[in-house]
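For reference, my_file-v5.txt (compact mmCIF, C-alpha atoms and all ligand atoms):
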# COMPACT_ATOMS: atom_id res chain seq x y z
CA MET A 745 8.84 -13.12 8.21
CA VAL A 746 6.51 -10.36 7.12
CA LYS A 747 3.43 -10.04 4.96
CA LEU A 748 3.32 -6.71 3.18
CA ARG A 749 0.16 -5.24 1.71
CA ALA A 750 0.16 -3.42 -1.59
CA ARG A 751 -2.45 -1.56 -3.55
CA CYS A 752 -1.56 -2.40 -7.13
CA VAL A 753 -3.19 -0.33 -9.84
CA VAL A 754 -3.47 -2.07 -13.23
CA VAL A 755 -3.97 0.26 -16.21
CA GLY A 756 -3.70 0.35 -19.97
CA ASP A 757 -5.91 0.72 -23.04
CA ALA A 758 -9.12 -1.24 -23.45
CA ALA A 759 -8.83 -4.92 -24.48
CA VAL A 760 -5.06 -5.21 -24.01
CA GLY A 761 -5.65 -8.06 -21.56
CA LYS A 762 -5.47 -6.47 -18.11
CA SER A 763 -8.36 -8.45 -16.67
CA SER A 764 -7.14 -11.65 -18.31
CA LEU A 765 -3.71 -11.28 -16.68
CA CYS A 766 -5.18 -10.43 -13.30
CA GLN A 767 -7.65 -13.30 -13.38
CA MET A 768 -4.96 -15.78 -14.36
CA PHE A 769 -2.72 -14.52 -11.57
CA ARG A 770 -5.53 -14.63 -9.03
CA SER A 771 -6.66 -18.13 -10.00
CA ASP A 772 -3.15 -19.59 -10.45
CA GLY A 773 -3.84 -20.14 -14.11
CA ALA A 774 -7.29 -21.70 -13.77
CA VAL A 775 -9.30 -18.93 -15.39
CA PHE A 776 -8.61 -17.60 -18.86
CA GLN A 777 -11.47 -15.48 -20.14
CA LYS A 778 -11.75 -16.14 -23.88
CA ASN A 779 -14.61 -13.75 -24.45
CA TYR A 780 -13.96 -10.10 -23.95
CA SER A 781 -15.87 -8.63 -21.09
CA MET A 782 -15.10 -4.92 -20.93
CA ASN A 783 -14.50 -3.34 -17.54
CA VAL A 784 -16.80 -0.46 -16.74
CA GLY A 785 -15.21 0.14 -13.36
CA VAL A 786 -12.53 -1.17 -11.04
CA GLU A 787 -12.52 -4.83 -10.23
CA LEU A 788 -10.81 -5.50 -6.94
CA LEU A 789 -8.90 -8.78 -6.66
CA GLU A 790 -6.90 -10.11 -3.76
CA LYS A 791 -3.95 -12.44 -4.04
CA SER A 792 -0.95 -13.29 -1.90
CA VAL A 793 2.42 -14.32 -3.25
CA SER A 794 5.40 -15.65 -1.38
CA ILE A 795 8.67 -14.20 -2.51
CA PRO A 796 11.09 -17.00 -3.46
CA ASP A 797 14.22 -17.32 -1.33
CA THR A 798 12.69 -15.31 1.51
CA SER A 799 10.10 -16.08 4.17
CA ASP A 800 8.20 -12.94 3.19
CA ALA A 801 5.00 -12.45 1.23
CA VAL A 802 3.05 -9.67 -0.41
CA GLU A 803 -0.70 -9.50 -0.36
CA PHE A 804 -1.84 -7.75 -3.51
CA TYR A 805 -4.99 -5.68 -3.63
CA ILE A 806 -5.29 -5.45 -7.37
CA TYR A 807 -7.28 -2.57 -8.85
CA ASP A 808 -8.05 -3.87 -12.32
CA SER A 809 -9.25 -0.68 -13.96
CA ALA A 810 -11.26 0.04 -17.09
CA GLY A 811 -9.30 1.09 -20.17
CA ARG A 812 -12.12 2.76 -22.06
CA GLU A 813 -13.31 6.29 -21.37
CA PRO A 814 -15.29 7.55 -19.57
CA PHE A 815 -15.08 4.48 -17.30
CA ALA A 816 -11.33 4.87 -16.93
CA GLU A 817 -11.67 8.33 -15.48
CA ALA A 818 -14.23 7.15 -12.95
CA CYS A 819 -11.76 4.48 -11.76
CA GLU A 820 -9.20 7.08 -10.72
CA ASN A 821 -11.16 7.94 -7.59
CA MET A 822 -10.32 4.52 -6.22
CA TRP A 823 -6.57 4.62 -6.76
CA ASN A 824 -5.84 6.71 -3.70
CA GLN A 825 -2.15 6.26 -2.74
CA PRO A 826 -1.16 3.27 -4.87
CA SER A 827 1.76 1.13 -3.72
CA LEU A 828 2.55 -0.40 -7.10
CA MET A 829 1.59 0.04 -10.73
CA CYS A 830 1.24 -2.34 -13.63
CA VAL A 831 0.89 -0.72 -17.06
CA VAL A 832 -0.24 -3.10 -19.80
CA PHE A 833 -0.21 -2.81 -23.59
CA ASP A 834 -0.87 -5.25 -26.43
CA ILE A 835 2.23 -6.05 -28.51
CA THR A 836 0.02 -6.24 -31.62
CA SER A 837 -1.15 -2.64 -31.14
CA GLU A 838 1.25 0.27 -31.55
CA ALA A 839 -1.51 2.62 -30.33
CA SER A 840 -1.82 0.80 -27.02
CA PHE A 841 1.94 1.19 -26.49
CA THR A 842 1.83 4.91 -27.31
CA SER A 843 -0.85 5.35 -24.64
CA CYS A 844 1.39 4.01 -21.89
CA SER A 845 3.02 7.31 -21.06
CA ARG A 846 -0.40 8.83 -20.49
CA TRP A 847 -1.30 5.93 -18.18
CA VAL A 848 1.92 6.30 -16.21
CA ASP A 849 1.30 10.04 -15.74
CA ARG A 850 -2.24 9.40 -14.64
CA VAL A 851 -1.22 6.92 -11.97
CA ARG A 852 1.67 9.11 -10.78
CA SER A 853 -0.71 11.99 -10.20
CA HIS A 854 -2.28 9.89 -7.42
CA CYS A 855 0.98 8.92 -5.74
CA ASN A 856 1.53 12.04 -3.58
CA GLY A 857 5.14 12.14 -4.70
CA LEU A 858 5.93 8.69 -3.31
CA GLN A 859 8.21 6.35 -5.18
CA VAL A 860 5.88 3.75 -6.68
CA PRO A 861 7.57 0.71 -8.26
CA GLY A 862 6.04 -0.33 -11.53
CA VAL A 863 6.16 -2.78 -14.41
CA LEU A 864 5.41 -2.36 -18.09
CA VAL A 865 3.76 -5.45 -19.52
CA GLY A 866 3.68 -6.23 -23.25
CA ASN A 867 0.83 -8.74 -23.39
CA LYS A 868 -0.43 -11.17 -26.07
CA SER A 869 3.06 -12.40 -26.88
CA ASP A 870 1.45 -15.55 -28.33
CA LEU A 871 0.35 -13.34 -31.26
CA TRP A 872 3.98 -12.65 -32.20
CA SER A 873 3.26 -12.92 -35.92
CA ARG A 874 1.16 -9.74 -35.64
CA ARG A 875 3.66 -7.88 -33.50
CA GLU A 876 3.68 -4.09 -33.95
CA VAL A 877 5.84 -3.15 -30.97
CA ASP A 878 9.48 -4.09 -30.94
CA ALA A 879 10.55 -5.66 -27.64
CA ALA A 880 13.78 -3.66 -27.53
CA VAL A 881 11.89 -0.38 -28.00
CA ALA A 882 9.44 -1.27 -25.23
CA GLN A 883 12.30 -2.34 -22.99
CA SER A 884 14.19 0.91 -23.35
CA TRP A 885 11.05 3.02 -22.95
CA ALA A 886 10.27 1.13 -19.74
CA GLN A 887 13.76 1.67 -18.44
CA SER A 888 13.63 5.39 -19.08
CA HIS A 889 10.42 5.55 -17.05
CA GLY A 890 11.77 3.51 -14.15
CA LEU A 891 9.64 0.47 -14.97
CA GLU A 892 10.69 -3.14 -15.37
CA TYR A 893 9.66 -4.68 -18.70
CA HIS A 894 7.93 -8.04 -19.07
CA GLU A 895 6.35 -9.78 -22.02
CA THR A 896 3.52 -12.13 -21.28
CA SER A 897 0.74 -14.12 -22.75
CA ALA A 898 -2.21 -14.23 -20.41
CA LYS A 899 -3.20 -17.41 -22.22
CA GLU A 900 -0.11 -19.32 -21.27
CA ILE A 901 0.68 -20.88 -17.93
CA GLY A 902 3.88 -19.71 -16.31
CA GLN A 903 3.93 -16.20 -17.80
CA TYR A 904 1.38 -14.07 -15.98
CA GLU A 905 3.19 -14.38 -12.65
CA ALA A 906 6.52 -12.76 -13.48
CA PRO A 907 5.38 -9.11 -13.52
CA PHE A 908 3.65 -9.51 -10.15
CA LEU A 909 6.65 -11.25 -8.63
CA SER A 910 8.92 -8.48 -9.75
CA LEU A 911 6.54 -5.92 -8.19
CA ALA A 912 6.49 -7.93 -4.97
CA ARG A 913 10.29 -8.00 -4.85
CA ALA A 914 10.53 -4.27 -5.47
CA PHE A 915 8.02 -3.53 -2.71
CA LEU A 916 9.87 -5.77 -0.24
CA SER A 917 13.09 -4.01 -1.05
CA LEU A 918 11.50 -0.58 -0.38
CA TYR A 919 10.30 -1.97 2.95
CA GLN A 920 13.72 -3.26 3.92
CA ASP A 921 15.38 0.02 2.96
CA GLN A 922 12.85 1.91 5.03
CA ILE A 923 13.50 -0.26 8.10
CA GLN A 924 17.23 0.32 7.74
CA LEU A 925 16.72 4.04 7.50
CA ILE A 926 14.44 4.08 10.56
CA GLN A 927 16.89 2.00 12.57
CA SER A 928 19.65 4.45 11.77
CA LEU A 929 17.52 7.32 13.13
CA ALA A 930 16.07 5.77 16.25
CA MET B 179 3.58 9.97 33.47
CA LEU B 180 4.59 11.70 30.27
CA ASP B 181 7.84 9.85 29.82
CA ALA B 182 7.06 6.50 31.39
CA ALA B 183 6.43 3.30 29.52
CA LEU B 184 2.67 2.90 29.24
CA SER B 185 3.10 -0.85 29.47
CA SER B 186 4.41 -0.54 33.03
CA TYR B 187 0.98 0.89 33.95
CA GLY B 188 -0.77 -2.12 32.48
CA ALA B 189 -1.67 -0.53 29.15
CA GLN B 190 -1.84 -2.84 26.14
CA VAL B 191 -2.01 -2.52 22.38
CA VAL B 192 -5.14 -4.53 21.67
CA LEU B 193 -5.26 -4.09 17.91
CA ALA B 194 -2.87 -3.15 15.14
CA THR B 195 -3.55 -3.44 11.43
CA SER B 196 0.01 -4.44 10.56
CA SER B 197 2.44 -6.86 12.05
CA ASP B 198 6.02 -7.68 11.37
CA GLU B 199 7.14 -10.11 14.06
CA ASN B 200 10.44 -8.22 14.33
CA HIS B 201 8.62 -4.96 15.05
CA PRO B 202 5.53 -5.86 17.10
CA PRO B 203 2.93 -3.29 18.29
CA GLU B 204 4.08 -3.70 21.92
CA ASN B 205 7.08 -1.60 20.90
CA ILE B 206 4.79 1.44 20.85
CA ILE B 207 4.29 1.37 24.61
CA ASP B 208 7.57 -0.04 25.92
CA GLY B 209 8.87 3.44 26.67
CA LYS B 210 11.84 3.15 24.28
CA THR B 211 12.29 5.11 21.09
CA GLU B 212 14.76 2.60 19.63
CA THR B 213 12.05 -0.04 19.25
CA PHE B 214 9.13 0.59 16.95
CA TRP B 215 6.08 -0.79 15.24
CA ILE B 216 6.02 -0.39 11.46
CA SER B 217 3.09 -0.48 9.09
CA THR B 218 3.43 -3.02 6.28
CA GLY B 219 1.71 -1.19 3.46
CA MET B 220 -1.42 0.73 2.45
CA PHE B 221 -3.45 3.31 4.35
CA PRO B 222 -5.34 3.75 6.57
CA GLN B 223 -3.57 1.98 9.41
CA GLU B 224 -4.68 1.86 13.01
CA PHE B 225 -3.79 0.72 16.47
CA ILE B 226 -5.71 0.81 19.73
CA ILE B 227 -4.25 1.25 23.22
CA ARG B 228 -6.26 -0.02 26.16
CA PHE B 229 -5.68 1.33 29.67
CA PRO B 230 -6.41 -0.71 32.78
CA ASP B 231 -8.59 2.07 34.25
CA ASN B 232 -10.46 5.11 33.15
CA MET B 233 -7.97 7.79 32.24
CA LYS B 234 -7.96 11.54 32.19
CA ILE B 235 -5.64 12.56 29.35
CA PHE B 236 -4.62 16.06 28.36
CA THR B 237 -1.74 15.42 26.02
CA VAL B 238 -0.65 12.53 23.86
CA SER B 239 3.02 12.49 22.85
CA ILE B 240 4.00 10.44 19.89
CA GLN B 241 7.33 9.73 18.28
CA SER B 242 7.02 8.44 14.77
CA TYR B 243 8.41 8.52 11.25
CA ASN B 244 6.69 9.44 8.00
CA ILE B 245 3.18 9.85 9.41
CA LYS B 246 1.23 12.53 7.57
CA ARG B 247 -2.34 12.64 8.75
CA LEU B 248 -3.30 11.21 12.12
CA ARG B 249 -6.63 11.06 13.88
CA ILE B 250 -6.94 10.15 17.55
CA GLU B 251 -10.21 8.86 18.91
CA LYS B 252 -11.34 7.93 22.41
CA GLY B 253 -13.54 5.01 23.30
CA THR B 254 -16.91 6.06 24.63
CA SER B 255 -17.81 4.72 28.04
CA ASP B 256 -21.16 3.25 27.07
CA ASP B 257 -20.07 1.25 24.03
CA ALA B 258 -16.65 -0.34 23.63
CA ASP B 259 -16.89 -0.37 19.83
CA LYS B 260 -17.76 3.30 19.48
CA PHE B 261 -15.11 5.95 19.15
CA GLU B 262 -15.19 9.74 19.11
CA THR B 263 -12.58 11.92 17.45
CA VAL B 264 -10.51 13.96 19.91
CA ALA B 265 -7.77 15.18 17.56
CA ASP B 266 -7.14 15.30 13.84
CA THR B 267 -3.73 16.59 12.82
CA GLU B 268 -1.15 16.63 10.09
CA PHE B 269 2.51 16.09 11.01
CA GLU B 270 5.44 17.81 9.35
CA HIS B 271 7.74 15.68 7.28
CA THR B 272 11.13 15.02 8.89
CA GLU B 273 14.06 13.46 7.14
CA SER B 274 17.00 12.94 9.45
CA SER B 275 15.14 12.60 12.73
CA LEU B 276 11.96 11.08 14.11
CA GLN B 277 8.78 13.11 14.25
CA ALA B 278 8.04 14.24 17.81
CA ASN B 279 4.60 15.69 18.41
CA ASP B 280 2.53 16.60 21.47
CA ILE B 281 -1.16 16.61 20.76
CA SER B 282 -3.65 18.06 23.20
CA VAL B 283 -6.75 15.96 23.47
CA ASN B 284 -8.64 16.87 26.66
CA VAL B 285 -10.15 13.51 27.37
CA LEU B 286 -11.93 13.30 30.71
CA ASN B 287 -12.32 9.60 31.00
CA THR B 288 -11.67 6.76 28.65
CA THR B 289 -10.18 3.30 28.66
CA HIS B 290 -9.24 3.18 24.96
CA LEU B 291 -7.41 5.44 22.54
CA ARG B 292 -7.52 4.64 18.85
CA PHE B 293 -4.87 6.00 16.47
CA LEU B 294 -5.85 6.17 12.83
CA ILE B 295 -3.03 6.87 10.41
CA LEU B 296 -4.75 8.19 7.32
CA SER B 297 -1.76 8.98 5.15
CA GLY B 298 2.02 8.98 5.13
CA TYR B 299 5.12 10.50 3.58
CA ASP B 300 6.16 6.97 2.63
CA HIS B 301 4.47 3.62 1.99
CA PHE B 302 5.58 2.54 5.45
CA VAL B 303 5.29 4.53 8.68
CA SER B 304 6.69 3.71 12.11
CA VAL B 305 5.56 4.52 15.63
CA HIS B 306 8.29 4.45 18.25
CA LYS B 307 6.68 5.72 21.40
CA VAL B 308 3.33 6.89 22.62
CA SER B 309 2.98 8.41 26.08
CA VAL B 310 0.22 10.39 27.74
CA GLN B 311 0.04 13.24 30.20
CA SER B 312 -2.84 13.33 32.64
N1 LIG A 1001 -4.29 -14.14 -27.81
C1 LIG A 1001 -4.38 -13.52 -26.64
N2 LIG A 1001 -5.55 -12.96 -26.28
C2 LIG A 1001 -5.62 -12.35 -25.06
C3 LIG A 1001 -4.50 -12.29 -24.19
N3 LIG A 1001 -4.87 -11.61 -23.09
C4 LIG A 1001 -6.15 -11.28 -23.27
N4 LIG A 1001 -6.63 -11.70 -24.45
C5 LIG A 1001 -7.97 -11.49 -25.01
O1 LIG A 1001 -8.16 -10.09 -25.20
C6 LIG A 1001 -9.49 -9.70 -24.92
C7 LIG A 1001 -9.51 -8.57 -23.93
O2 LIG A 1001 -9.02 -8.99 -22.69
P1 LIG A 1001 -9.36 -8.27 -21.30
O3 LIG A 1001 -8.48 -8.92 -20.31
O4 LIG A 1001 -10.80 -8.28 -21.02
O5 LIG A 1001 -8.90 -6.77 -21.62
P2 LIG A 1001 -8.84 -5.52 -20.60
O6 LIG A 1001 -7.50 -4.90 -20.79
O7 LIG A 1001 -9.20 -5.94 -19.23
O8 LIG A 1001 -9.95 -4.54 -21.21
P3 LIG A 1001 -10.83 -3.41 -20.48
O9 LIG A 1001 -11.40 -4.03 -19.26
O10 LIG A 1001 -11.88 -3.00 -21.45
O11 LIG A 1001 -9.92 -2.26 -20.17
C8 LIG A 1001 -10.20 -10.97 -24.43
O12 LIG A 1001 -10.93 -11.50 -25.49
C9 LIG A 1001 -9.06 -11.89 -24.04
O13 LIG A 1001 -9.42 -13.26 -24.21
C10 LIG A 1001 -3.27 -12.90 -24.63
O14 LIG A 1001 -2.25 -12.89 -23.93
N5 LIG A 1001 -3.27 -13.49 -25.84
MG MG A 1002 -10.70 -5.44 -18.01
Full structure transcribed into structure tokens:
Amino acid sequence: MVKLRARCVVVGDAAVGKSSLCQMFRSDGAVFQKNYSMNVGVELLEKSVSIPDTSDAVEFYIYDSAGREPFAEACENMWNQPSLMCVVFDITSEASFTSCSRWVDRVRSHCNGLQVPGVLVGNKSDLWSRREVDAAVAQSWAQSHGLEYHETSAKEIGQYEAPFLSLARAFLSLYQDQIQLIQSLA
Amino acid sequence: MLDAALSSYGAQVVLATSSDENHPPENIIDGKTETFWISTGMFPQEFIIRFPDNMKIFTVSIQSYNIKRLRIEKGTSDDADKFETVADTEFEHTESSLQANDISVNVLNTTHLRFLILSGYDHFVSVHKVSVQS
């Protein structure tokens, strides 16, 4: 039984729903912010999740960052050696999807060359009638960037958790691989 | 006592910022390199070794994996919560072997050494053995 600790950086364009997702995850679905309150800095949230079928858990230190400049740039100072990344776009905004590669590059530049597991999240899936980004396109883009793709609606119970669980599993698997490697050396 | 297990002299690890019950901090001072303590994510990480008596220490030897920047501090005699830096170093990255480093510290008397791991070559770093030369 182990409790890992991960610094998880959450990025993406303004108003795609990063804070909504993080708040829902943190509060187990109790808090959905209807009114938009723009981030002007990093909001730090803490949340532990148990990984199903194991006795292990990951404690997330979530760095919910601002999407709008110049606030976004100021957030970067706090990302120092991220463990995980969560890149969010809004499925009703092609522009927010196009920005993702810039967000990925920005986070990677703070990773000191370490392998940092990540997810790509297409949010606002409840607004499917206004969809501008094809799920298959997002899925294959994610794959080519080593990210796992999830579609969510921060408004709906039972959706916001999947991306974080997949990050937790990926982090645990890095940990287990590392222990195996160390045991083979020592 | 460079190669001896610090624990056999009554030293203890009194604090460690990570714990996996399979790889407890006591493994740092049991004298064996096969057993280790591993950090469980994020930096900085730290552990503190307490000696039963005041110690004169010239060299600290540490066997580890994936540690990048390490700072060693000594406890000051007048205040148990205050520490003073005695070494600040960056280790080379090793791939197929453990890192083995001797760090000169020149500590005249202290009962506590604090090890601050500021960064790593991986998310997780391990410490296999710490010994001291007086
Ligand atoms: N319909 C719908 N609206 C959502 C969803 N997620 C968030 N919203 C709304 O979108 C708006 C922006 O959400 P935020 O979570 O504040 O966006 P953000 O990405 O944190 O924005 P910045 O902090 O400016 O970077 C809010 O009005 C939310 O209520 C969703 O899944 N579906
Ligand atoms: Mg926000």
Kindly provide, as a short mmCIF file (atom, residue, chain, number, x, y, z; two decimals) with C-alpha atoms, keeping the file's coordinate frame, all nucleotide and amino acid residues lying within 6 Å of ligand MG 1002 (chain A), counting all atoms listed in the file.
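Generated output (result_26.cif):
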data_model
loop_
_atom_site.label_atom_id
_atom_site.label_comp_id
_atom_site.auth_asym_id
_atom_site.auth_seq_id
_atom_site.Cartn_x
_atom_site.Cartn_y
_atom_site.Cartn_z
CA LYS A 762 -5.47 -6.47 -18.11
CA SER A 763 -8.36 -8.45 -16.67
CA MET A 782 -15.10 -4.92 -20.93
CA ASN A 783 -14.50 -3.34 -17.54
CA ALA A 810 -11.26 0.04 -17.09
#
For this session: Counting all atoms listed in the file, name the residues that have an atom within 9 Å of an atom of ligand LIG 1001 (chain A); the answer should be given as a ChimeraX atom specification.
Result: /A:755-767,776-786,808-812,815-816,832-834,866-871,896-900,904
Please tell me which residues are no farther than 9 Å from (-3.4, -3.7, 20.3) in the file, counting all atoms listed in the file, and write them as a compact mmCIF listing (two decimals) with C-alpha atoms, keeping the file's coordinate frame.
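Below you can see selection_5.txt, which holds the result:
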# COMPACT_ATOMS: atom_id res chain seq x y z
CA GLN B 190 -1.84 -2.84 26.14
CA VAL B 191 -2.01 -2.52 22.38
CA VAL B 192 -5.14 -4.53 21.67
CA LEU B 193 -5.26 -4.09 17.91
CA ALA B 194 -2.87 -3.15 15.14
CA THR B 195 -3.55 -3.44 11.43
CA PRO B 203 2.93 -3.29 18.29
CA GLU B 204 4.08 -3.70 21.92
CA PHE B 225 -3.79 0.72 16.47
CA ILE B 226 -5.71 0.81 19.73
CA ILE B 227 -4.25 1.25 23.22
CA ARG B 228 -6.26 -0.02 26.16
Excluding same-chain residues fewer than 4 positions from segment 822-826 of chain A, what lies within 9 Å of it counting only C-alpha atoms, as a PDB file with C-alpha atoms, keeping the file's coordinate frame?
ATOM      1  CA  ALA A 750       0.160  -3.420  -1.590  1.00  0.00           C
ATOM      2  CA  ARG A 751      -2.450  -1.560  -3.550  1.00  0.00           C
ATOM      3  CA  CYS A 752      -1.560  -2.400  -7.130  1.00  0.00           C
ATOM      4  CA  VAL A 753      -3.190  -0.330  -9.840  1.00  0.00           C
ATOM      5  CA  VAL A 786     -12.530  -1.170 -11.040  1.00  0.00           C
ATOM      6  CA  TYR A 807      -7.280  -2.570  -8.850  1.00  0.00           C
ATOM      7  CA  ALA A 818     -14.230   7.150 -12.950  1.00  0.00           C
ATOM      8  CA  VAL A 851      -1.220   6.920 -11.970  1.00  0.00           C
ATOM      9  CA  ARG A 852       1.670   9.110 -10.780  1.00  0.00           C
ATOM     10  CA  HIS A 854      -2.280   9.890  -7.420  1.00  0.00           C
ATOM     11  CA  CYS A 855       0.980   8.920  -5.740  1.00  0.00           C
ATOM     12  CA  ASN A 856       1.530  12.040  -3.580  1.00  0.00           C
ATOM     13  CA  LEU A 858       5.930   8.690  -3.310  1.00  0.00           C
ATOM     14  CA  VAL A 860       5.880   3.750  -6.680  1.00  0.00           C
TER      15      VAL A 860
ATOM     16  CA  MET B 220      -1.420   0.730   2.450  1.00  0.00           C
ATOM     17  CA  PHE B 221      -3.450   3.310   4.350  1.00  0.00           C
ATOM     18  CA  SER B 297      -1.760   8.980   5.150  1.00  0.00           C
ATOM     19  CA  HIS B 301       4.470   3.620   1.990  1.00  0.00           C
TER      20      HIS B 301
END
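Using all atoms listed in the file, the protein and nucleic acid residues lying no more than 10 Å from Ser185 of chain B, apart from those fewer than 2 places from it along its own chain, are Ala182, Ala183, Tyr187, Gly188, Ala189, Gln190, Val191, Glu204, Asn205, Ile206, Ile207, Asp208, Gly209, Ile227, Arg228, Phe229 and Ser309 of chain B.
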For this session: For chain B, work out the contacting residues on chain A at 12 Å, counting all atoms listed in the file, and write them as a ChimeraX atom specification.
Result: /A:745-752,799-805,823-828,855-861,912,915-930
Exercise. When you draw a straight line from atom CA of Asn821 of chain A to atom CA of Glu787 of chain A, how long is it in Å?
Worked result: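 Computing it gives 13.1 Å between the two atoms.
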